[in-house]
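Asks: Questions regarding the structure given below will be posed in turn.
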Amino acid sequence: MSSGRRHRARSRLRWAIIACATAVIVPTLYLWWVLLSPFGYQPPAGYVAPVEPGEQQVFVYGTLRNPLVRWLVAGRPLATEEAFLPDYRRQGLDITPAPGAGVEGELVTVEPPALRRLDRYERLGIRYERVEATLDDGRRVWVYQRLPLLLPAQ
């Protein structure tokens, strides 16, 4: 093999290693920033979401239905059960009241530290609020609902 070919082969290998490292490092840094860092999220001043002691039940209907996402957010695997939220309609990343409609989702049971991690993931007070809702079987649960977008005054 000529020295030119060896140089090109080493150069391609070097770039492949850099690409693989980037594909691992960038998502890892993003997840750290979003889920764990003290810099990525601060709730608005004066915004306090209730966190009762003991287990809390949360109805999830979007990305948190993915077991890998739940594990990354909560810091451990979370078991789920199928659940149905009546009188709401899913619209993109949100649910809105809609009599006669319903949203299929899953119910997760979490302790207060995991609930705070879910709050952080949902950007509580900035992007979502956590509200109480009633499932079709009568259980009261938490659900994340989008906050209205505030448009600048014109």
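Residue numbers start at 1 in each chain; chains themselves are named A, B, ... in the order of the structure tokens; ligands are numbered from 1 in the order shown.
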Among chain A, which residues does DSSP mark as alpha helix (DSSP H) when it is run on the backbone? Keep the chain and numbering as in the structure and answer as a PyMOL selection string.

Replies: chain A and resi 3-35+67-74+112-121

Asks: Mind writing the picked residues with C-alpha atoms as a PDB file, in the first residue's frame?

Replies:
ATOM      1  CA  SER A   3       1.983   6.035   1.720  1.00  0.00           C
ATOM      2  CA  GLY A   4      -0.701   8.229   0.084  1.00  0.00           C
ATOM      3  CA  ARG A   5      -3.328   5.503   0.469  1.00  0.00           C
ATOM      4  CA  ARG A   6      -2.298   4.846   4.067  1.00  0.00           C
ATOM      5  CA  HIS A   7      -2.569   8.568   4.808  1.00  0.00           C
ATOM      6  CA  ARG A   8      -6.070   8.757   3.262  1.00  0.00           C
ATOM      7  CA  ALA A   9      -7.157   5.609   5.139  1.00  0.00           C
ATOM      8  CA  ARG A  10      -5.894   7.045   8.444  1.00  0.00           C
ATOM      9  CA  SER A  11      -7.591  10.350   7.682  1.00  0.00           C
ATOM     10  CA  ARG A  12     -10.929   8.619   6.997  1.00  0.00           C
ATOM     11  CA  LEU A  13     -10.547   6.565  10.188  1.00  0.00           C
ATOM     12  CA  ARG A  14      -9.797   9.722  12.179  1.00  0.00           C
ATOM     13  CA  TRP A  15     -12.918  11.440  10.799  1.00  0.00           C
ATOM     14  CA  ALA A  16     -15.028   8.331  11.488  1.00  0.00           C
ATOM     15  CA  ILE A  17     -13.839   8.330  15.106  1.00  0.00           C
ATOM     16  CA  ILE A  18     -14.578  12.051  15.452  1.00  0.00           C
ATOM     17  CA  ALA A  19     -18.076  11.563  13.972  1.00  0.00           C
ATOM     18  CA  CYS A  20     -18.840   8.641  16.328  1.00  0.00           C
ATOM     19  CA  ALA A  21     -17.563  10.549  19.353  1.00  0.00           C
ATOM     20  CA  THR A  22     -19.663  13.565  18.389  1.00  0.00           C
ATOM     21  CA  ALA A  23     -22.735  11.373  17.930  1.00  0.00           C
ATOM     22  CA  VAL A  24     -22.321  10.195  21.527  1.00  0.00           C
ATOM     23  CA  ILE A  25     -21.045  13.339  23.260  1.00  0.00           C
ATOM     24  CA  VAL A  26     -23.514  15.914  21.874  1.00  0.00           C
ATOM     25  CA  PRO A  27     -26.705  14.011  22.862  1.00  0.00           C
ATOM     26  CA  THR A  28     -25.173  13.172  26.253  1.00  0.00           C
ATOM     27  CA  LEU A  29     -24.407  16.830  26.941  1.00  0.00           C
ATOM     28  CA  TYR A  30     -27.890  17.845  25.781  1.00  0.00           C
ATOM     29  CA  LEU A  31     -29.551  15.305  28.083  1.00  0.00           C
ATOM     30  CA  TRP A  32     -27.371  16.396  31.001  1.00  0.00           C
ATOM     31  CA  TRP A  33     -28.267  20.042  30.345  1.00  0.00           C
ATOM     32  CA  VAL A  34     -32.001  19.346  30.068  1.00  0.00           C
ATOM     33  CA  LEU A  35     -32.412  16.746  32.803  1.00  0.00           C
ATOM     34  CA  PRO A  67     -39.876   3.732  28.272  1.00  0.00           C
ATOM     35  CA  LEU A  68     -36.379   5.002  27.414  1.00  0.00           C
ATOM     36  CA  VAL A  69     -37.422   8.649  27.809  1.00  0.00           C
ATOM     37  CA  ARG A  70     -39.128   7.859  31.145  1.00  0.00           C
ATOM     38  CA  TRP A  71     -36.005   6.063  32.360  1.00  0.00           C
ATOM     39  CA  LEU A  72     -33.721   8.959  31.368  1.00  0.00           C
ATOM     40  CA  VAL A  73     -36.022  11.556  32.914  1.00  0.00           C
ATOM     41  CA  ALA A  74     -36.896   9.735  36.153  1.00  0.00           C
ATOM     42  CA  PRO A 112     -41.626  13.173  44.938  1.00  0.00           C
ATOM     43  CA  PRO A 113     -37.998  13.237  43.636  1.00  0.00           C
ATOM     44  CA  ALA A 114     -39.075  11.610  40.342  1.00  0.00           C
ATOM     45  CA  LEU A 115     -42.079  13.970  40.120  1.00  0.00           C
ATOM     46  CA  ARG A 116     -39.710  16.937  40.404  1.00  0.00           C
ATOM     47  CA  ARG A 117     -37.600  15.431  37.600  1.00  0.00           C
ATOM     48  CA  LEU A 118     -40.751  15.103  35.455  1.00  0.00           C
ATOM     49  CA  ASP A 119     -41.557  18.742  36.276  1.00  0.00           C
ATOM     50  CA  ARG A 120     -38.076  19.750  35.141  1.00  0.00           C
ATOM     51  CA  TYR A 121     -38.371  17.758  31.909  1.00  0.00           C
TER      52      TYR A 121
END

Asks: Find the spatial neighbours of Ala98 in chain A, counting only C-alpha atoms, within a cut-off of 8 Å - ignore same-chain residues fewer than 4 positions away - and output them as a list of chain:residue names.

Replies: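 The residues that qualify are A:Asp87, A:Tyr88, A:Arg89, A:Gly102.
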
Asks: Find the residues near Ile95 in chain A: any atom within 9 Å, counting only C-alpha atoms, skip ones fewer than 3 places away on the same chain, and give them as a VMD selection string.

Replies: chain A and resid 61 88 to 92 98 103 144 to 146

Asks: Take the residues that were just selected and, keeping all heavy atoms, output them as a short mmCIF file (atom, residue, chain, number, x, y, z; two decimals), in the first residue's frame.

Replies:
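The result, written out as selection30.cif:
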data_model
loop_
_atom_site.label_atom_id
_atom_site.label_comp_id
_atom_site.auth_asym_id
_atom_site.auth_seq_id
_atom_site.Cartn_x
_atom_site.Cartn_y
_atom_site.Cartn_z
N TYR A 61 -49.07 11.22 28.07
CA TYR A 61 -49.72 11.00 26.78
C TYR A 61 -48.82 11.30 25.59
O TYR A 61 -49.23 11.13 24.45
CB TYR A 61 -50.99 11.87 26.68
CG TYR A 61 -50.73 13.35 26.87
CD1 TYR A 61 -50.40 14.17 25.80
CD2 TYR A 61 -50.78 13.92 28.14
CE1 TYR A 61 -50.15 15.51 25.97
CE2 TYR A 61 -50.54 15.26 28.32
CZ TYR A 61 -50.23 16.05 27.25
OH TYR A 61 -49.96 17.39 27.42
N TYR A 88 -61.10 15.13 27.18
CA TYR A 88 -59.96 15.91 26.68
C TYR A 88 -59.63 15.43 25.28
O TYR A 88 -59.93 14.30 24.93
CB TYR A 88 -58.72 15.70 27.57
CG TYR A 88 -58.73 16.51 28.84
CD1 TYR A 88 -59.38 16.03 29.97
CD2 TYR A 88 -58.11 17.75 28.91
CE1 TYR A 88 -59.39 16.77 31.15
CE2 TYR A 88 -58.11 18.49 30.08
CZ TYR A 88 -58.76 17.99 31.20
OH TYR A 88 -58.77 18.73 32.35
N ARG A 89 -59.00 16.30 24.51
CA ARG A 89 -58.54 15.95 23.17
C ARG A 89 -57.06 16.31 23.09
O ARG A 89 -56.64 17.36 23.56
CB ARG A 89 -59.31 16.75 22.12
CG ARG A 89 -58.78 16.54 20.70
CD ARG A 89 -59.53 17.32 19.63
NE ARG A 89 -60.92 16.91 19.60
CZ ARG A 89 -61.97 17.71 19.82
NH1 ARG A 89 -61.76 18.99 20.10
NH2 ARG A 89 -63.19 17.27 19.77
N ARG A 90 -56.30 15.43 22.49
CA ARG A 90 -54.88 15.72 22.29
C ARG A 90 -54.74 16.55 21.03
O ARG A 90 -55.27 16.22 19.98
CB ARG A 90 -54.08 14.43 22.17
CG ARG A 90 -52.61 14.71 22.01
CD ARG A 90 -51.78 13.48 22.10
NE ARG A 90 -50.40 13.87 21.82
CZ ARG A 90 -49.41 13.04 21.72
NH1 ARG A 90 -49.62 11.75 21.88
NH2 ARG A 90 -48.20 13.47 21.45
N GLN A 91 -53.99 17.63 21.15
CA GLN A 91 -53.70 18.50 20.01
C GLN A 91 -52.20 18.76 20.01
O GLN A 91 -51.72 19.62 20.75
CB GLN A 91 -54.47 19.81 20.10
CG GLN A 91 -55.96 19.63 19.98
CD GLN A 91 -56.70 20.95 20.06
OE1 GLN A 91 -56.50 21.72 20.99
NE2 GLN A 91 -57.57 21.19 19.09
N GLY A 92 -51.48 17.98 19.21
CA GLY A 92 -50.03 18.11 19.17
C GLY A 92 -49.41 17.76 20.49
O GLY A 92 -49.56 16.64 20.99
N ALA A 98 -62.40 18.80 26.00
CA ALA A 98 -63.28 18.54 24.85
C ALA A 98 -64.32 17.51 25.29
O ALA A 98 -64.04 16.31 25.25
CB ALA A 98 -62.48 18.03 23.66
N VAL A 103 -58.44 10.87 25.67
CA VAL A 103 -57.03 10.71 25.33
C VAL A 103 -56.53 9.41 25.93
O VAL A 103 -56.69 9.19 27.13
CB VAL A 103 -56.19 11.89 25.86
CG1 VAL A 103 -54.71 11.69 25.56
CG2 VAL A 103 -56.67 13.21 25.29
N TYR A 144 -49.79 16.95 32.63
CA TYR A 144 -49.11 18.17 32.17
C TYR A 144 -49.89 18.77 31.01
O TYR A 144 -50.22 18.09 30.05
CB TYR A 144 -47.67 17.86 31.75
CG TYR A 144 -46.81 17.46 32.92
CD1 TYR A 144 -46.55 16.13 33.20
CD2 TYR A 144 -46.27 18.44 33.76
CE1 TYR A 144 -45.78 15.77 34.29
CE2 TYR A 144 -45.49 18.08 34.85
CZ TYR A 144 -45.25 16.75 35.11
OH TYR A 144 -44.49 16.39 36.19
N GLN A 145 -50.17 20.07 31.16
CA GLN A 145 -50.93 20.80 30.14
C GLN A 145 -50.12 22.02 29.72
O GLN A 145 -49.54 22.71 30.57
CB GLN A 145 -52.27 21.24 30.75
CG GLN A 145 -53.40 21.14 29.81
CD GLN A 145 -54.74 21.42 30.52
OE1 GLN A 145 -54.84 21.55 31.72
NE2 GLN A 145 -55.76 21.50 29.73
N ARG A 146 -50.07 22.27 28.42
CA ARG A 146 -49.28 23.39 27.90
C ARG A 146 -49.81 24.71 28.45
O ARG A 146 -51.01 24.92 28.55
CB ARG A 146 -49.35 23.46 26.37
CG ARG A 146 -48.69 22.33 25.63
CD ARG A 146 -47.25 22.46 25.43
NE ARG A 146 -46.88 23.55 24.54
CZ ARG A 146 -45.66 23.68 24.06
NH1 ARG A 146 -44.75 22.81 24.33
NH2 ARG A 146 -45.36 24.68 23.30
#

Asks: How many Å lie between CA of Pro43 in chain A and CA of Leu149 in chain A, rounded to one decimal?

Replies: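 Computed distance, CA of Pro43 in chain A to CA of Leu149 in chain A, equals 16.2 Å.
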
Asks: Have a look at CA of Pro77 in chain A and CA of Val108 in chain A and let me know their distance in Å, one decimal.

Replies: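 So the two atoms, CA of Pro77 in chain A and CA of Val108 in chain A, lie 10.4 Å apart.
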
Asks: Here is a test: counting only C-alpha atoms, which residue of A:Gly46, A:Tyr128, A:Val58, A:Glu111 is nearest to Arg76 in chain A?

Replies: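 Closest candidate: A:Glu111.
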
Asks: Using only C-alpha atoms, can you tell me which of A:Trp142, A:Leu147, A:Ala79, A:Glu106 comes closest to Arg123 in chain A?

Replies: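 Among the listed residues, the smallest separation from Arg123 in chain A belongs to A:Leu147.
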